[in-house]
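Novice: File upload30.txt below, compact mmCIF, C-alpha atoms:
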# COMPACT_ATOMS: atom_id res chain seq x y z
CA MET A 1 0.00 0.00 0.00
CA THR A 2 1.07 3.60 -0.60
CA TYR A 3 0.38 6.37 1.88
CA THR A 4 0.81 10.12 1.51
CA PHE A 5 1.84 12.33 4.43
CA GLU A 6 1.67 16.09 4.69
CA ALA A 7 4.31 18.12 6.52
CA ILE A 8 2.83 20.10 9.41
CA GLY A 9 5.87 22.34 9.80
CA VAL A 10 9.56 22.90 9.16
CA VAL A 11 12.69 23.06 11.32
CA ARG A 12 14.83 26.22 11.44
CA SER A 13 18.07 24.84 12.76
CA CYS A 14 21.58 25.81 13.78
CA TYR A 15 22.73 22.88 11.60
CA THR A 16 22.93 24.06 8.00
CA GLU A 17 24.68 20.97 6.60
CA LYS A 18 24.71 17.28 7.51
CA PHE A 19 28.38 16.97 8.49
CA GLY A 20 28.85 17.60 12.19
CA ILE A 21 25.28 16.90 13.32
CA PRO A 22 25.25 14.60 16.37
CA ARG A 23 24.39 11.02 15.51
CA GLN A 24 21.64 11.07 18.14
CA SER A 25 19.56 13.78 19.73
CA GLY A 26 20.43 14.88 23.26
CA LEU A 27 24.21 14.75 22.72
CA ALA A 28 24.56 18.51 22.15
CA PRO A 29 22.31 20.29 24.68
CA ALA A 30 23.43 23.71 23.38
CA ALA A 31 21.97 23.06 19.91
CA ARG A 32 18.88 25.18 19.40
CA ALA A 33 16.19 25.28 16.73
CA THR A 34 12.60 26.28 16.14
CA ILE A 35 9.75 24.34 14.59
CA GLU A 36 7.54 26.61 12.50
CA LEU A 37 4.03 25.22 12.03
CA TYR A 38 2.09 25.54 8.79
CA PRO A 39 -1.61 26.49 8.69
CA PRO A 40 -3.98 25.01 9.72
CA TYR A 41 -1.68 23.15 12.15
CA SER A 42 -0.35 26.43 13.59
CA ASP A 43 -3.59 26.98 15.51
CA PRO A 44 -2.63 27.70 19.18
CA ASP A 45 -5.53 25.49 20.33
CA ALA A 46 -3.67 22.48 18.92
CA PHE A 47 -0.89 23.04 21.47
CA THR A 48 -2.93 23.67 24.61
CA GLY A 49 -1.30 21.69 27.42
CA LEU A 50 1.95 21.00 25.59
CA GLU A 51 3.73 23.53 27.83
CA GLN A 52 3.50 20.93 30.60
CA SER A 53 5.92 18.65 28.72
CA SER A 54 9.68 19.17 29.02
CA HIS A 55 10.47 17.03 25.96
CA LEU A 56 8.85 16.09 22.66
CA TRP A 57 8.90 13.33 20.10
CA VAL A 58 9.42 14.80 16.64
CA GLU A 59 8.64 12.69 13.57
CA PHE A 60 10.33 13.98 10.44
CA ILE A 61 11.69 13.22 6.98
CA PHE A 62 15.39 12.85 6.11
CA HIS A 63 14.85 15.33 3.29
CA LYS A 64 18.50 15.67 2.23
CA PHE A 65 19.12 11.94 1.91
CA GLN A 66 18.79 10.92 -1.70
CA PRO A 67 16.46 7.96 -2.23
CA ALA A 68 18.29 4.75 -3.07
CA PRO A 69 17.29 1.16 -3.80
CA PHE A 70 16.47 -0.82 -0.67
CA ARG A 71 19.51 -2.41 0.93
CA PRO A 72 18.96 -4.90 3.77
CA ARG A 73 22.39 -4.12 5.25
CA VAL A 74 24.09 -0.77 5.89
CA ARG A 75 27.48 0.40 7.19
CA PRO A 76 27.07 2.51 10.36
CA PRO A 77 29.83 5.17 10.60
CA ARG A 78 30.37 4.51 14.31
CA LEU A 79 31.37 0.93 13.49
CA GLY A 80 34.18 2.16 11.28
CA GLY A 81 32.36 1.91 7.96
CA ASN A 82 33.64 -1.63 7.36
CA ARG A 83 31.01 -3.59 9.27
CA THR A 84 27.48 -4.12 8.06
CA LEU A 85 24.30 -4.50 10.05
CA GLY A 86 20.68 -5.04 9.16
CA VAL A 87 19.07 -1.71 8.35
CA PHE A 88 16.39 -2.27 10.99
CA ALA A 89 19.10 -2.75 13.62
CA THR A 90 20.37 0.79 12.95
CA ARG A 91 19.11 4.36 12.72
CA SER A 92 20.56 4.90 9.26
CA PRO A 93 18.61 7.38 7.08
CA ASN A 94 18.88 4.87 4.21
CA ARG A 95 15.59 3.18 5.02
CA PRO A 96 12.57 1.92 3.08
CA ASN A 97 10.88 5.18 4.09
CA ARG A 98 13.05 8.17 5.01
CA LEU A 99 11.35 8.68 8.37
CA GLY A 100 13.17 9.90 11.46
CA LEU A 101 12.21 10.07 15.11
CA SER A 102 13.95 12.26 17.70
CA VAL A 103 13.43 13.30 21.30
CA VAL A 104 14.07 17.03 21.78
CA LYS A 105 13.82 19.43 24.69
CA LEU A 106 10.94 21.91 24.56
CA ASP A 107 12.25 25.27 25.74
CA ARG A 108 9.18 27.37 25.13
CA ILE A 109 6.10 27.83 22.97
CA GLU A 110 5.82 31.11 21.10
CA THR A 111 2.41 32.31 19.96
CA ALA A 112 2.25 35.38 17.75
CA ASN A 113 -0.40 36.61 15.32
CA GLY A 114 -2.41 33.46 15.90
CA ALA A 115 0.44 31.12 14.88
CA VAL A 116 2.74 28.85 16.88
CA ARG A 117 6.49 28.33 16.90
CA LEU A 118 8.17 25.75 19.14
CA HIS A 119 11.63 26.58 20.50
CA ILE A 120 13.62 23.39 21.06
CA SER A 121 17.15 22.33 22.00
CA ALA A 122 19.31 19.20 22.35
CA HIS A 123 18.24 18.23 18.84
CA ASP A 124 19.78 16.59 15.76
CA LEU A 125 17.63 18.15 13.03
CA LEU A 126 18.95 19.73 9.84
CA GLU A 127 17.80 23.13 8.59
CA GLY A 128 14.65 22.73 6.48
CA THR A 129 13.66 19.34 7.90
CA PRO A 130 9.96 18.66 7.21
CA VAL A 131 8.06 17.76 10.39
CA LEU A 132 5.28 15.18 10.13
CA ASP A 133 4.07 15.03 13.71
CA ILE A 134 4.78 16.15 17.27
CA LYS A 135 3.95 14.17 20.40
CA PRO A 136 4.67 14.77 24.09
CA TYR A 137 7.39 12.66 25.70
CA ILE A 138 5.89 10.75 28.63
CA PRO A 139 8.66 9.58 31.01
CA TYR A 140 6.82 6.73 32.74
CA ALA A 141 5.89 5.16 29.39
CA ASP A 142 8.74 6.21 27.10
CA ALA A 143 11.75 5.75 29.39
CA VAL A 144 12.72 2.10 29.88
CA PRO A 145 15.48 1.96 32.55
CA GLN A 146 16.18 -1.74 32.01
CA ALA A 147 16.48 -1.46 28.23
CA THR A 148 19.73 -2.64 26.62
CA ASN A 149 21.43 -2.41 23.24
CA THR A 150 24.78 -4.19 23.17
CA LEU A 151 25.60 -2.67 19.77
CA ALA A 152 25.60 0.81 21.37
CA PRO A 153 25.95 0.24 25.12
CA GLU A 154 27.62 3.58 25.92
CA PRO A 155 27.65 7.09 24.47
CA PRO A 156 30.70 7.86 22.30
CA ALA A 157 33.90 8.77 24.11
CA LYS A 158 34.54 12.52 24.11
CA LEU A 159 37.66 14.29 22.91
CA ALA A 160 39.17 17.35 24.53
CA VAL A 161 38.42 20.52 22.52
CA TYR A 162 40.57 23.65 22.54
CA PHE A 163 40.32 26.97 20.71
CA SER A 164 43.16 28.99 19.27
CA PRO A 165 43.26 32.53 20.75
CA GLN A 166 41.86 34.03 17.55
CA ALA A 167 39.13 31.39 17.23
CA GLU A 168 38.14 31.93 20.85
CA GLN A 169 37.90 35.69 20.32
CA ASP A 170 35.91 35.32 17.10
CA CYS A 171 33.64 32.75 18.72
CA ARG A 172 32.72 35.16 21.51
CA ALA A 173 31.96 37.92 19.01
CA HIS A 174 29.73 35.70 16.86
CA SER A 175 28.02 34.30 19.96
CA GLU A 176 27.02 37.81 21.01
CA ARG A 177 25.86 38.67 17.50
CA LEU A 178 23.77 35.51 17.11
CA GLY A 179 22.49 35.20 20.66
CA GLN A 180 23.82 31.63 20.77
CA ASN A 181 26.69 30.27 22.85
CA LEU A 182 28.84 29.05 19.97
CA THR A 183 31.75 28.08 22.19
CA GLU A 184 29.53 25.66 24.08
CA LEU A 185 27.86 24.32 20.94
CA ILE A 186 31.09 23.82 18.98
CA SER A 187 32.73 22.12 21.96
CA GLN A 188 29.83 19.71 22.40
CA LEU A 189 29.79 18.80 18.72
CA LEU A 190 33.52 18.34 18.18
CA ALA A 191 34.01 16.44 21.44
CA GLN A 192 31.97 13.66 19.83
CA ASP A 193 34.37 13.52 16.87
CA PRO A 194 32.22 13.80 13.72
CA ARG A 195 34.80 12.03 11.55
CA PRO A 196 33.96 8.52 10.29
CA GLN A 197 35.70 6.09 12.61
CA TYR A 198 37.87 4.63 9.84
CA GLN A 199 39.73 7.95 9.43
CA SER A 200 42.96 8.51 11.32
CA PRO A 201 43.53 11.96 12.90
CA ASP A 202 46.01 13.35 10.36
CA PRO A 203 47.34 16.62 11.94
CA ALA A 204 47.87 18.08 8.47
CA ARG A 205 44.23 17.72 7.47
CA ARG A 206 41.75 20.47 8.24
CA TYR A 207 38.06 19.79 8.73
CA ALA A 208 35.18 22.24 8.47
CA MET A 209 31.47 22.45 9.11
CA ALA A 210 28.76 25.09 8.88
CA LEU A 211 26.73 26.28 11.88
CA LEU A 212 24.14 29.02 11.55
CA ASP A 213 25.95 31.59 9.37
CA VAL A 214 29.53 30.74 10.44
CA ASP A 215 32.10 28.26 9.20
CA VAL A 216 34.10 26.35 11.79
CA ALA A 217 37.52 24.87 10.95
CA TRP A 218 39.58 22.52 13.10
CA HIS A 219 42.28 19.89 13.05
CA TYR A 220 43.35 17.04 15.28
CA ARG A 221 46.57 16.72 17.21
CA LEU A 222 47.94 13.80 19.19
CA VAL A 223 48.81 14.09 22.87
CA GLU A 224 51.51 12.12 24.63
CA ASP A 225 49.51 8.91 24.94
CA GLY A 226 48.64 9.02 21.24
CA ALA A 227 45.00 9.99 21.80
CA PRO A 228 43.60 12.75 19.56
CA GLU A 229 42.32 16.10 20.73
CA VAL A 230 40.62 18.87 18.76
CA MET A 231 42.01 22.34 18.05
CA VAL A 232 39.53 24.85 16.64
CA ILE A 233 41.48 27.22 14.41
CA ASN A 234 38.83 29.39 12.75
CA VAL A 235 35.28 30.59 13.40
CA GLY A 236 34.34 32.96 10.61
CA GLN A 237 31.13 34.41 9.26
CA ARG A 238 30.10 32.90 5.95
CA ALA A 239 29.80 35.21 2.96
CA PRO A 240 26.13 35.73 2.00
CA ASP A 241 24.84 33.97 -1.08
CA VAL A 242 24.71 36.23 -4.10
Would you write out, as structure tokens, the structure that this file holds?
Specialist:
Amino acid sequence: MTYTFEAIGVVRSCYTEKFGIPRQSGLAPAARATIELYPPYSDPDAFTGLEQSSHLWVEFIFHKFQPAPFRPRVRPPRLGGNRTLGVFATRSPNRPNRLGLSVVKLDRIETANGAVRLHISAHDLLEGTPVLDIKPYIPYADAVPQATNTLAPEPPAKLAVYFSPQAEQDCRAHSERLGQNLTELISQLLAQDPRPQYQSPDPARRYAMALLDVDVAWHYRLVEDGAPEVMVINVGQRAPDV
């Protein structure tokens, strides 16, 4: 059977490209976004009582993932890219239907001119993500303390993140301009090491990602025990599109 779904809103996110987005929601608490609702779903009456929930379930579409023929096995990046698992054992966007599900923190509900905008944080949603549905997170039903997953038993180990003096200065300036703590956000994202696990931390290689309207550049360096750490070397405002 074929079903058609209509987007009820869109995400306006700090993440403007896929690289660097946390692999799960909740891993970068400083990440902020808004969900803008489309009429008729933007009716404030539809959100009466939602302010009593601290977190939400957001159902969405992986809109930037190009459709591909169904593959029963995929290569999760966190497993090094050289090990395959069944697609239904992973959260890969390469699925029969490009549907995603994330828990996000609800910071506040904004109502203006008869329309609603949800301010959220601790999310993993790309700019422009179409939202299909929103549901309240109910701790006694949705949290399962005894649940296990031996494929992902622990959150990823975190790397130390440092800023060059110039990057630190620029980061403070852009944080003030944008009203967003970029130092905190960048640190949370890079501590999780967005590189695919099969890549070695070559000190000569520079990496970059886009956040809001800034570009962030960094490289890796090895400490005495051979473990990598992150050095942010540039936080610069992106030139506007012409």
Novice: So how many Å separate atom CA of Asp215 of chain A and atom CA of Leu37 of chain A, to one decimal?
Specialist: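 Going from atom CA of Asp215 of chain A over to atom CA of Leu37 of chain A covers 28.4 Å.
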Novice: Please provide as an MDAnalysis selection string all residues within 6 Å of Leu118 of chain A, with the sequence filter that same-chain residues fewer than 4 positions apart are discarded (counting all atoms listed in the file).
Specialist: chainID A and resid 34:35 109
Novice: Those same residues - C-alpha atoms - I'd like them written as a CSV table (one decimal), in the coordinates of the input.
Specialist:
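Result written to again11.csv:
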chain,number,residue,atom,x,y,z
A,34,THR,CA,12.6,26.3,16.1
A,35,ILE,CA,9.8,24.3,14.6
A,109,ILE,CA,6.1,27.8,23.0
Novice: Fewer than 2 positions away in the same chain doesn't count, so skip those; otherwise give me all residues within 12 Å of segment 78-92 of chain A, counting all atoms listed in the file, as a PyMOL selection string.
Specialist: chain A and resi 22-25+62+65+70-76+94-102+149-152+154-157+192-200
Novice: Smallest atom-to-atom distance to Asp124 of chain A: which of A:Gly20, A:Pro139, A:Gly49, A:Pro153, using only C-alpha atoms?
Specialist: A:Gly20
Novice: What gap, in Å, lies between atom CA of Gln188 of chain A and atom CA of Ala141 of chain A?
Specialist: 28.9 Å
Novice: I'd like the neighbourhood of Asn113 of chain A as a list in words, where a residue qualifies if any of its atoms comes within 12 Å (using all atoms listed in the file), though same-chain residues fewer than 2 positions away should be ignored.
Specialist: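 Final neighbour list, sorted by chain and number: Ser42, Asp43, Pro44, Glu110, Thr111, Ala115, Val116 and Arg117 of chain A.
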Novice: Report as a PyMOL selection string all protein, DNA and RNA residues lying within 12 Å of Phe5 of chain A, evaluated on only C-alpha atoms, omitting residues in the same chain fewer than 6 positions from it.
Specialist: chain A and resi 59-61+97-99+130-133
Novice: Measure the distance from atom CA of Glu6 of chain A to atom CA of Tyr41 of chain A in Å and round it to one decimal.
Specialist: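 Spanning atom CA of Glu6 of chain A to atom CA of Tyr41 of chain A is a straight-line distance of 10.8 Å.
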Novice: Residues within 10 Å of segment 170-183 of chain A, please, as a PyMOL selection string. Count only C-alpha atoms; anything in the same chain fewer than 2 positions from it doesn't count.
Specialist: chain A and resi 14+30-32+162-168+185-188+211-214+216+234-237
Novice: Could you check the closest approach to Val223 of chain A for each of A:Ile8, A:Ala160, A:Val58, A:Leu190 and tell me which residue wins, using only C-alpha atoms?
Specialist: A:Ala160
Novice: For Ser54 of chain A, which residue out of A:Leu125, A:Ala191, A:Ile134, A:Ile120 is the nearest one, using only C-alpha atoms?
Specialist: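 Going through A:Leu125, A:Ala191, A:Ile134, A:Ile120 one by one, the smallest distance to Ser54 of chain A is for A:Ile120.
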